[in-house]
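Shown next, in structure tokens, is the structure this report addresses.
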Amino acid sequence: MINDVITPEFDEDGRPLRRIRSFVRRQGRLTKGQQHALDELWPINGIEYNAEPMDFQQVFGREAPLVLEIGFGMGASLVEMAKANPHQNFLGIEVHAPGVGACLASAEEAGVTNLRVMCHDAVEVLEKMIPDNSLRLAQLFFPDPWHKARHNKRRIVQIPFAELILRKLKLGGVFHMATDWENYAEHMLEVMQSIPGYVNQSPAGNYAPRPDSRPLTKFEQRGHRLGHGVWDLLFERIK
């Protein structure tokens with residue numbers, strides 16, 4: 001696995017360009033199990049970044065509706081969804097190697113064969129490797145809220161990002177977001193409502209009940225016990 005999750009960019013004078021990133025890459029230690037999964041399973045189910053559009057029929061060995069999850073953490077819910085929906089293909093993107101290793105190991109243990117993973121900046125993957133009109137569903141669950149006002153610009157859900165997702169969705173495809181920060185939920189709603197081509201699937205025109213397709217995580221269960229809220233947003237591409 002190539003361990004560089006960001007492709008360096010330079011100006012015409014060869015000076016490195018700075019881009020606002022929505023993530024800080026944590027250098028966590030790999031467990032023996034995670035390292036073993038990366039060594040043994042990445043060559044089978046991992047995809048290297050190469051700035052060329054993917055042929056998903058070749059990647060998965062079949063044609064099937066494609067679900068993309070951005071920032072899958074340790075991969076538990078992603079593996080659960082892939083196992084529960086064998087008729088769909090799943091692609092997960094995560095920048096933290098321990099999470100990638102954990103996801104690969106969990107998928108192997110669960111007998112999941114319809115899941116592939118990447119370890120790279122999701123924006124670059126979307127721009128260069130995901131063909132337009134190819135996704136049935138894009139998922140972004142509990143992204144970093146960057147809750148300090150001076151850091152709000154680092155939130156991944158901004159108008160350019162939501163427009164990028166829109167291009168990658170098939171007509172009728174859905175962008176599903178979830179957050180446990182109410183201020184970020186309000187920001188997401190404002191961004192999504194400003195973009196022609198999306199329609200909110202919430203009957204109330206704001207937030208939707210958690211669909212059964214999104215597993216309830218242990219973190220979320222703990223939050224519910226403590227009285228914390230979670231907000232789901234589902235927006236469909238209509239044009």
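Note on naming: chains are A, B, ... as they come in the structure tokens, residues start from 1 per chain, ligands start from 1 in the order shown.
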
Report task. Any chance you could list, as a ChimeraX atom specification, the residues in segment 79-190 of chain A that come up alpha helix (DSSP H) when DSSP is run on the backbone? Result -> /A:79-84,97-110,122-128,159-168,182-190

Using N, CA and C atoms, can you write the selected residues to a file as a short mmCIF file (atom, residue, chain, number, x, y, z; two decimals), in the first residue's frame?
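Written file, part.cif:
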```
data_model
loop_
_atom_site.label_atom_id
_atom_site.label_comp_id
_atom_site.auth_asym_id
_atom_site.auth_seq_id
_atom_site.Cartn_x
_atom_site.Cartn_y
_atom_site.Cartn_z
N VAL A 79 -18.57 -2.61 6.69
CA VAL A 79 -18.58 -4.06 6.49
C VAL A 79 -19.99 -4.62 6.74
N GLU A 80 -20.65 -4.11 7.76
CA GLU A 80 -22.02 -4.56 8.06
C GLU A 80 -22.95 -4.27 6.89
N MET A 81 -22.84 -3.07 6.31
CA MET A 81 -23.69 -2.72 5.18
C MET A 81 -23.39 -3.58 3.95
N ALA A 82 -22.10 -3.82 3.70
CA ALA A 82 -21.71 -4.63 2.55
C ALA A 82 -22.22 -6.07 2.70
N LYS A 83 -22.14 -6.59 3.92
CA LYS A 83 -22.63 -7.95 4.16
C LYS A 83 -24.14 -8.04 3.99
N ALA A 84 -24.85 -7.00 4.42
CA ALA A 84 -26.31 -7.01 4.36
C ALA A 84 -26.84 -6.75 2.95
N ALA A 97 -4.33 4.49 8.05
CA ALA A 97 -3.97 3.11 7.78
C ALA A 97 -4.53 2.10 8.79
N PRO A 98 -4.53 2.40 10.10
CA PRO A 98 -5.12 1.43 11.03
C PRO A 98 -6.58 1.12 10.72
N GLY A 99 -7.34 2.14 10.33
CA GLY A 99 -8.73 1.91 9.96
C GLY A 99 -8.86 1.06 8.72
N VAL A 100 -7.99 1.29 7.74
CA VAL A 100 -8.01 0.49 6.52
C VAL A 100 -7.71 -0.97 6.85
N GLY A 101 -6.68 -1.18 7.66
CA GLY A 101 -6.34 -2.54 8.06
C GLY A 101 -7.46 -3.22 8.83
N ALA A 102 -8.07 -2.48 9.75
CA ALA A 102 -9.17 -3.04 10.53
C ALA A 102 -10.36 -3.41 9.64
N CYS A 103 -10.66 -2.56 8.67
CA CYS A 103 -11.78 -2.81 7.75
C CYS A 103 -11.51 -4.05 6.91
N LEU A 104 -10.30 -4.17 6.39
CA LEU A 104 -9.95 -5.34 5.59
C LEU A 104 -10.07 -6.62 6.41
N ALA A 105 -9.60 -6.56 7.65
CA ALA A 105 -9.67 -7.74 8.52
C ALA A 105 -11.11 -8.10 8.84
N SER A 106 -11.94 -7.11 9.13
CA SER A 106 -13.35 -7.36 9.45
C SER A 106 -14.08 -7.95 8.25
N ALA A 107 -13.79 -7.42 7.05
CA ALA A 107 -14.44 -7.93 5.84
C ALA A 107 -14.06 -9.38 5.59
N GLU A 108 -12.79 -9.70 5.81
CA GLU A 108 -12.33 -11.08 5.64
C GLU A 108 -13.04 -12.00 6.63
N GLU A 109 -13.12 -11.58 7.87
CA GLU A 109 -13.76 -12.40 8.90
C GLU A 109 -15.24 -12.61 8.62
N ALA A 110 -15.89 -11.56 8.04
CA ALA A 110 -17.32 -11.64 7.77
C ALA A 110 -17.63 -12.32 6.43
N ALA A 122 -10.11 11.68 -0.30
CA ALA A 122 -11.35 11.38 -1.02
C ALA A 122 -11.64 12.38 -2.12
N VAL A 123 -11.30 13.64 -1.92
CA VAL A 123 -11.57 14.65 -2.94
C VAL A 123 -10.78 14.33 -4.21
N GLU A 124 -9.52 13.96 -4.06
CA GLU A 124 -8.72 13.60 -5.23
C GLU A 124 -9.29 12.35 -5.90
N VAL A 125 -9.70 11.38 -5.11
CA VAL A 125 -10.28 10.17 -5.69
C VAL A 125 -11.54 10.51 -6.48
N LEU A 126 -12.40 11.34 -5.92
CA LEU A 126 -13.62 11.75 -6.62
C LEU A 126 -13.29 12.49 -7.91
N GLU A 127 -12.33 13.38 -7.85
CA GLU A 127 -12.00 14.19 -9.02
C GLU A 127 -11.39 13.36 -10.14
N LYS A 128 -10.54 12.41 -9.79
CA LYS A 128 -9.73 11.73 -10.80
C LYS A 128 -10.15 10.30 -11.10
N ILE A 159 -19.85 23.93 -0.73
CA ILE A 159 -20.55 23.91 -2.02
C ILE A 159 -19.74 23.18 -3.10
N PRO A 160 -18.44 23.46 -3.27
CA PRO A 160 -17.71 22.73 -4.34
C PRO A 160 -17.71 21.22 -4.14
N PHE A 161 -17.59 20.77 -2.90
CA PHE A 161 -17.59 19.33 -2.63
C PHE A 161 -18.95 18.73 -2.93
N ALA A 162 -20.03 19.38 -2.50
CA ALA A 162 -21.37 18.86 -2.76
C ALA A 162 -21.68 18.84 -4.25
N GLU A 163 -21.17 19.83 -4.99
CA GLU A 163 -21.35 19.83 -6.44
C GLU A 163 -20.56 18.71 -7.09
N LEU A 164 -19.39 18.40 -6.54
CA LEU A 164 -18.59 17.28 -7.04
C LEU A 164 -19.33 15.96 -6.84
N ILE A 165 -19.89 15.77 -5.66
CA ILE A 165 -20.69 14.57 -5.38
C ILE A 165 -21.86 14.47 -6.36
N LEU A 166 -22.52 15.60 -6.61
CA LEU A 166 -23.67 15.62 -7.51
C LEU A 166 -23.31 15.06 -8.89
N ARG A 167 -22.15 15.45 -9.40
CA ARG A 167 -21.71 14.98 -10.73
C ARG A 167 -21.45 13.48 -10.72
N LYS A 168 -21.01 12.94 -9.61
CA LYS A 168 -20.65 11.53 -9.55
C LYS A 168 -21.87 10.62 -9.34
N GLU A 182 -24.90 19.64 15.89
CA GLU A 182 -26.06 20.34 15.33
C GLU A 182 -25.65 21.50 14.45
N ASN A 183 -24.62 22.23 14.84
CA ASN A 183 -24.18 23.36 14.03
C ASN A 183 -23.70 22.90 12.66
N TYR A 184 -23.01 21.75 12.62
CA TYR A 184 -22.55 21.21 11.33
C TYR A 184 -23.75 20.74 10.52
N ALA A 185 -24.75 20.14 11.17
CA ALA A 185 -25.96 19.73 10.47
C ALA A 185 -26.63 20.93 9.82
N GLU A 186 -26.70 22.04 10.54
CA GLU A 186 -27.29 23.25 9.98
C GLU A 186 -26.48 23.75 8.79
N HIS A 187 -25.16 23.67 8.91
CA HIS A 187 -24.28 24.06 7.80
C HIS A 187 -24.50 23.15 6.59
N MET A 188 -24.56 21.83 6.82
CA MET A 188 -24.80 20.88 5.73
C MET A 188 -26.12 21.20 5.02
N LEU A 189 -27.15 21.44 5.81
CA LEU A 189 -28.48 21.72 5.23
C LEU A 189 -28.44 22.98 4.38
N GLU A 190 -27.78 24.01 4.87
CA GLU A 190 -27.67 25.26 4.12
C GLU A 190 -26.93 25.05 2.80
#
```

Requested in this report: Can you pull out every residue within 12 Å of Phe219 of chain A, counting only C-alpha atoms, but drop anything in the same chain fewer than 6 positions away, and send it as a VMD selection string?
Outcome: chain A and resid 73 76 to 77 142 179 to 180 225 to 226 228 to 230

Would you write out those residues with N, CA and C atoms, as a JSON list (two decimals), in the first residue's frame?
```
[["chain", "number", "residue", "atom", "x", "y", "z"],
["A", 73, "GLY", "N", -13.65, 5.26, 9.01],
["A", 73, "GLY", "CA", -13.13, 5.00, 10.34],
["A", 73, "GLY", "C", -12.49, 3.63, 10.43],
["A", 76, "ALA", "N", -16.38, -0.80, 10.67],
["A", 76, "ALA", "CA", -17.36, -1.76, 11.19],
["A", 76, "ALA", "C", -18.72, -1.61, 10.50],
["A", 77, "SER", "N", -19.23, -0.39, 10.42],
["A", 77, "SER", "CA", -20.56, -0.21, 9.82],
["A", 77, "SER", "C", -20.51, -0.45, 8.31],
["A", 142, "PHE", "N", -20.47, 11.17, 10.10],
["A", 142, "PHE", "CA", -19.72, 11.72, 11.22],
["A", 142, "PHE", "C", -18.33, 12.24, 10.81],
["A", 179, "THR", "N", -24.32, 13.58, 11.12],
["A", 179, "THR", "CA", -23.41, 14.24, 12.05],
["A", 179, "THR", "C", -24.05, 14.33, 13.43],
["A", 180, "ASP", "N", -23.21, 14.36, 14.45],
["A", 180, "ASP", "CA", -23.72, 14.53, 15.81],
["A", 180, "ASP", "C", -23.44, 15.94, 16.32],
["A", 225, "ARG", "N", -27.68, 7.48, 24.77],
["A", 225, "ARG", "CA", -27.87, 7.30, 26.22],
["A", 225, "ARG", "C", -27.56, 8.58, 26.98],
["A", 226, "LEU", "N", -26.64, 9.37, 26.43],
["A", 226, "LEU", "CA", -26.25, 10.62, 27.09],
["A", 226, "LEU", "C", -27.10, 11.81, 26.63],
["A", 228, "HIS", "N", -27.40, 12.89, 23.45],
["A", 228, "HIS", "CA", -26.84, 13.61, 22.30],
["A", 228, "HIS", "C", -27.69, 13.36, 21.06],
["A", 229, "GLY", "N", -27.79, 14.36, 20.21],
["A", 229, "GLY", "CA", -28.56, 14.23, 18.99],
["A", 229, "GLY", "C", -27.70, 13.78, 17.82],
["A", 230, "VAL", "N", -28.35, 13.20, 16.82],
["A", 230, "VAL", "CA", -27.72, 12.85, 15.55],
["A", 230, "VAL", "C", -28.65, 13.29, 14.44]]
```

I want to know what sits within 7 Å of Met177 of chain A, based on only C-alpha atoms, with residues of the same chain fewer than 5 positions away left out; could you give that as a PDB file with all heavy atoms, in the first residue's frame?
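File written: result.pdb
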```pdb
ATOM      1  N   GLN A 139     -21.963   8.176   0.842  1.00  0.00           N
ATOM      2  CA  GLN A 139     -22.183   8.247   2.282  1.00  0.00           C
ATOM      3  C   GLN A 139     -21.044   9.002   2.960  1.00  0.00           C
ATOM      4  O   GLN A 139     -19.874   8.766   2.677  1.00  0.00           O
ATOM      5  CB  GLN A 139     -22.254   6.828   2.871  1.00  0.00           C
ATOM      6  CG  GLN A 139     -23.376   5.994   2.279  1.00  0.00           C
ATOM      7  CD  GLN A 139     -23.438   4.584   2.834  1.00  0.00           C
ATOM      8  OE1 GLN A 139     -24.469   3.930   2.748  1.00  0.00           O
ATOM      9  NE2 GLN A 139     -22.335   4.089   3.383  1.00  0.00           N
ATOM     10  N   LEU A 140     -21.421   9.899   3.868  1.00  0.00           N
ATOM     11  CA  LEU A 140     -20.459  10.656   4.656  1.00  0.00           C
ATOM     12  C   LEU A 140     -20.996  10.710   6.081  1.00  0.00           C
ATOM     13  O   LEU A 140     -21.863  11.520   6.395  1.00  0.00           O
ATOM     14  CB  LEU A 140     -20.285  12.073   4.081  1.00  0.00           C
ATOM     15  CG  LEU A 140     -19.332  12.996   4.821  1.00  0.00           C
ATOM     16  CD1 LEU A 140     -17.890  12.544   4.626  1.00  0.00           C
ATOM     17  CD2 LEU A 140     -19.502  14.438   4.342  1.00  0.00           C
ATOM     18  N   PHE A 141     -20.492   9.820   6.932  1.00  0.00           N
ATOM     19  CA  PHE A 141     -21.024   9.689   8.279  1.00  0.00           C
ATOM     20  C   PHE A 141     -20.029  10.207   9.314  1.00  0.00           C
ATOM     21  O   PHE A 141     -18.883   9.764   9.375  1.00  0.00           O
ATOM     22  CB  PHE A 141     -21.343   8.226   8.582  1.00  0.00           C
ATOM     23  CG  PHE A 141     -22.375   7.623   7.656  1.00  0.00           C
ATOM     24  CD1 PHE A 141     -22.369   6.260   7.388  1.00  0.00           C
ATOM     25  CD2 PHE A 141     -23.355   8.406   7.064  1.00  0.00           C
ATOM     26  CE1 PHE A 141     -23.325   5.698   6.549  1.00  0.00           C
ATOM     27  CE2 PHE A 141     -24.310   7.857   6.213  1.00  0.00           C
ATOM     28  CZ  PHE A 141     -24.296   6.498   5.957  1.00  0.00           C
ATOM     29  N   ASP A 232     -29.457  13.200  10.332  1.00  0.00           N
ATOM     30  CA  ASP A 232     -29.247  12.588   9.021  1.00  0.00           C
ATOM     31  C   ASP A 232     -29.812  13.502   7.944  1.00  0.00           C
ATOM     32  O   ASP A 232     -30.907  14.066   8.102  1.00  0.00           O
ATOM     33  CB  ASP A 232     -29.944  11.232   8.936  1.00  0.00           C
ATOM     34  CG  ASP A 232     -29.180  10.129   9.648  1.00  0.00           C
ATOM     35  OD1 ASP A 232     -29.261  10.048  10.894  1.00  0.00           O
ATOM     36  OD2 ASP A 232     -28.497   9.354   8.953  1.00  0.00           O
ATOM     37  N   LEU A 233     -29.080  13.627   6.853  1.00  0.00           N
ATOM     38  CA  LEU A 233     -29.534  14.404   5.706  1.00  0.00           C
ATOM     39  C   LEU A 233     -29.415  13.522   4.470  1.00  0.00           C
ATOM     40  O   LEU A 233     -28.351  12.924   4.223  1.00  0.00           O
ATOM     41  CB  LEU A 233     -28.702  15.670   5.508  1.00  0.00           C
ATOM     42  CG  LEU A 233     -28.699  16.696   6.636  1.00  0.00           C
ATOM     43  CD1 LEU A 233     -27.562  16.418   7.617  1.00  0.00           C
ATOM     44  CD2 LEU A 233     -28.534  18.116   6.062  1.00  0.00           C
ATOM     45  N   LEU A 234     -30.484  13.432   3.679  1.00  0.00           N
ATOM     46  CA  LEU A 234     -30.486  12.651   2.468  1.00  0.00           C
ATOM     47  C   LEU A 234     -30.990  13.518   1.314  1.00  0.00           C
ATOM     48  O   LEU A 234     -32.135  13.995   1.336  1.00  0.00           O
ATOM     49  CB  LEU A 234     -31.379  11.412   2.596  1.00  0.00           C
ATOM     50  CG  LEU A 234     -30.875  10.329   3.556  1.00  0.00           C
ATOM     51  CD1 LEU A 234     -31.494  10.498   4.935  1.00  0.00           C
ATOM     52  CD2 LEU A 234     -31.195   8.945   3.009  1.00  0.00           C
TER      53      LEU A 234
END
```

**Report entry** DSSP-assigned strand (DSSP E) members of segment 130-226 of chain A, reported as a PyMOL selection string
**Finding:** chain A and resi 135-141+169-179+198-200

For the residues selected in the previous step, produce a file with C-alpha atoms as a PDB file, in the first residue's frame.
```
ATOM      1  CA  LEU A 135     -22.736   6.224  -7.865  1.00  0.00           C
ATOM      2  CA  ARG A 136     -26.077   5.017  -6.560  1.00  0.00           C
ATOM      3  CA  LEU A 137     -25.251   6.295  -3.084  1.00  0.00           C
ATOM      4  CA  ALA A 138     -22.546   8.467  -1.508  1.00  0.00           C
ATOM      5  CA  GLN A 139     -22.183   8.247   2.282  1.00  0.00           C
ATOM      6  CA  LEU A 140     -20.459  10.656   4.656  1.00  0.00           C
ATOM      7  CA  PHE A 141     -21.024   9.689   8.279  1.00  0.00           C
ATOM      8  CA  LEU A 169     -24.163  10.395  -8.582  1.00  0.00           C
ATOM      9  CA  LYS A 170     -26.433   8.749 -11.088  1.00  0.00           C
ATOM     10  CA  LEU A 171     -29.753  10.475 -11.688  1.00  0.00           C
ATOM     11  CA  GLY A 172     -31.823   9.408  -8.694  1.00  0.00           C
ATOM     12  CA  GLY A 173     -28.691   8.713  -6.648  1.00  0.00           C
ATOM     13  CA  VAL A 174     -28.526   9.942  -3.056  1.00  0.00           C
ATOM     14  CA  PHE A 175     -25.965  11.798  -0.948  1.00  0.00           C
ATOM     15  CA  HIS A 176     -26.453  10.651   2.668  1.00  0.00           C
ATOM     16  CA  MET A 177     -24.750  12.589   5.469  1.00  0.00           C
ATOM     17  CA  ALA A 178     -24.908  12.192   9.237  1.00  0.00           C
ATOM     18  CA  THR A 179     -23.409  14.244  12.053  1.00  0.00           C
ATOM     19  CA  TYR A 198     -30.563  18.164  -5.355  1.00  0.00           C
ATOM     20  CA  VAL A 199     -33.874  17.608  -3.602  1.00  0.00           C
ATOM     21  CA  ASN A 200     -34.181  16.953   0.119  1.00  0.00           C
TER      22      ASN A 200
END
```

Report task. Work out how far atom CA of His87 of chain A is from atom CA of Pro65 of chain A, in Å to one decimal. Result -> 7.6 Å

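Among the candidate residues A:Gly227, A:Leu78, A:Tyr49, A:Ala204, the one lying nearest to Val112 of chain A is A:Leu78, with distances computed using only C-alpha atoms.
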
Requested in this report: Could you check which of A:Gln35, A:Gln158, A:Thr217, A:Met118 is closest to Ser194 of chain A, using only C-alpha atoms?
Outcome: A:Gln158

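Each of A:Thr31, A:Ser134, A:Asn85, A:Ser202 was checked against Gln57 of chain A using only C-alpha atoms; the smallest atom-to-atom distance is that of A:Ser134.
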
Query raised in the report: Pick from A:Arg154, A:Gln221, A:Met129, A:Pro196: nearest to Glu52 of chain A, with only C-alpha atoms counted?
Result: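 With only C-alpha atoms as the atom set, the closest residue is A:Met129.
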